[in-house]
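A short write-up of the structure that comes next.
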Amino acid sequence: MSGEPSHGQAGGADDAPLTVAGELEALPETASLLVIGAHALAGRDCDSLPADAGVADLDGLGVYDLGLVLELAAADETLLGRLRDLHTRRLLVAGEAARRFEPRRMLALGFERHPSPDADGGAYLYDRDSFNREREWNSPENWANPENFDKYRW
């Protein structure tokens with residue numbers, strides 16, 4: 001998706017602050033948006049689910065360019081995992097929802113932590129396009145040690 005902000009891989013303290021307003025501003029008008037925990041965002045057409053939404057409420061939803069999780073009734077990692085894997089290209093957990101989750105658990109789910117004025121402890125972002133960056137060791141040339149074929153028996 002073009003026009004989206006670039007965020008550092010490490011999610012460290014020297015990253016630019018991550019805000020809901022900034023994400024919405026960078027989102028093209030034609031992009032699809034799913035919001036959980038807020039009824040509507042000013043001037044933005046979006047689909048929304050209530051703060052007490054569960055995994056069953058996601059059935060039948062398509063794939064959205066951006067998902068915003070602003071409020072949740074409970075810390076539901078299963079819901080975040082399903083949103084991350086099946087329903088959003090970028091998923092931002094901010095505001096009240098970000099406070100519900102332990103930072104270690106969010107990092108374990110693949111989210112990057114960013115400073116944010118929307119949440120005391122920061123906001124969490126999962127971006128499908130930048131999550132699994134290329135690594136030299138993670139390439140077909142290095143998987144099976146082809147130079148050792150017919151030399152050693154495993």
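For the structure tokens, the naming scheme is as follows: chains receive sequential letters (A, B, ...) according to their order of presentation, residues are indexed from 1 within each chain, and ligands are indexed from 1 in presentation order.
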
Against stretch 87-90 of chain A, which residues of stretch 20-79 of chain A fall within 7 Å? For each one I want the closest pair of atoms and the distance in Å (one decimal), counting only C-alpha atoms, rows by chain and increasing residue number, as JSON lines.
```
{"residue": "A:Gly62", "atom": "CA", "partner": "A:His87", "partner_atom": "CA", "distance": 6.0}
{"residue": "A:Val63", "atom": "CA", "partner": "A:His87", "partner_atom": "CA", "distance": 4.2}
{"residue": "A:Tyr64", "atom": "CA", "partner": "A:Thr88", "partner_atom": "CA", "distance": 4.7}
{"residue": "A:Asp65", "atom": "CA", "partner": "A:Arg89", "partner_atom": "CA", "distance": 5.1}
{"residue": "A:Leu66", "atom": "CA", "partner": "A:Arg90", "partner_atom": "CA", "distance": 4.9}
{"residue": "A:Gly67", "atom": "CA", "partner": "A:Thr88", "partner_atom": "CA", "distance": 5.7}
```

**Request:** Give me the residues within 10 Å of A:Phe111 as a PyMOL selection string, counting only C-alpha atoms and dropping any in the same chain fewer than 2 places off.
**Result:** chain A and resi 11+84+91-93+103-109+113-114+123-127+131

**Asked** Which neighbours of stretch 27-38 of chain A fall inside 9 Å, counting only C-alpha atoms, when residues of the same chain fewer than 5 positions from it are skipped, and could you give them as a ChimeraX atom specification?
**Response** /A:1-5,22,44-53,63-73,87-88,97

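Nearest residue to A:Glu23 among A:Ser116, A:Trp137, A:Arg128, A:Asp150 is A:Ser116, counting only C-alpha atoms.
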
**Message:** So the first atom is atom CA of A:Pro17 and the second is atom CA of A:Arg99; what is the distance between them in Å, to one decimal place?
**Reply:** 16.5 Å

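Here the question is which of A:Glu96, A:Asp85, A:Glu25, A:Asp57 gets nearest to A:Gly122 using only C-alpha atoms, and that residue is A:Glu96.
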
**Message:** Just the number, please: distance in Å from atom CA of A:Glu102 to atom CA of A:Glu77, one decimal.
**Reply:**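 We find that atom CA of A:Glu102 and atom CA of A:Glu77 lie 10.6 Å from each other.
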
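Pairwise distance (atom CA of A:Ser130, atom CA of A:Gly43) equals 28.4 Å.
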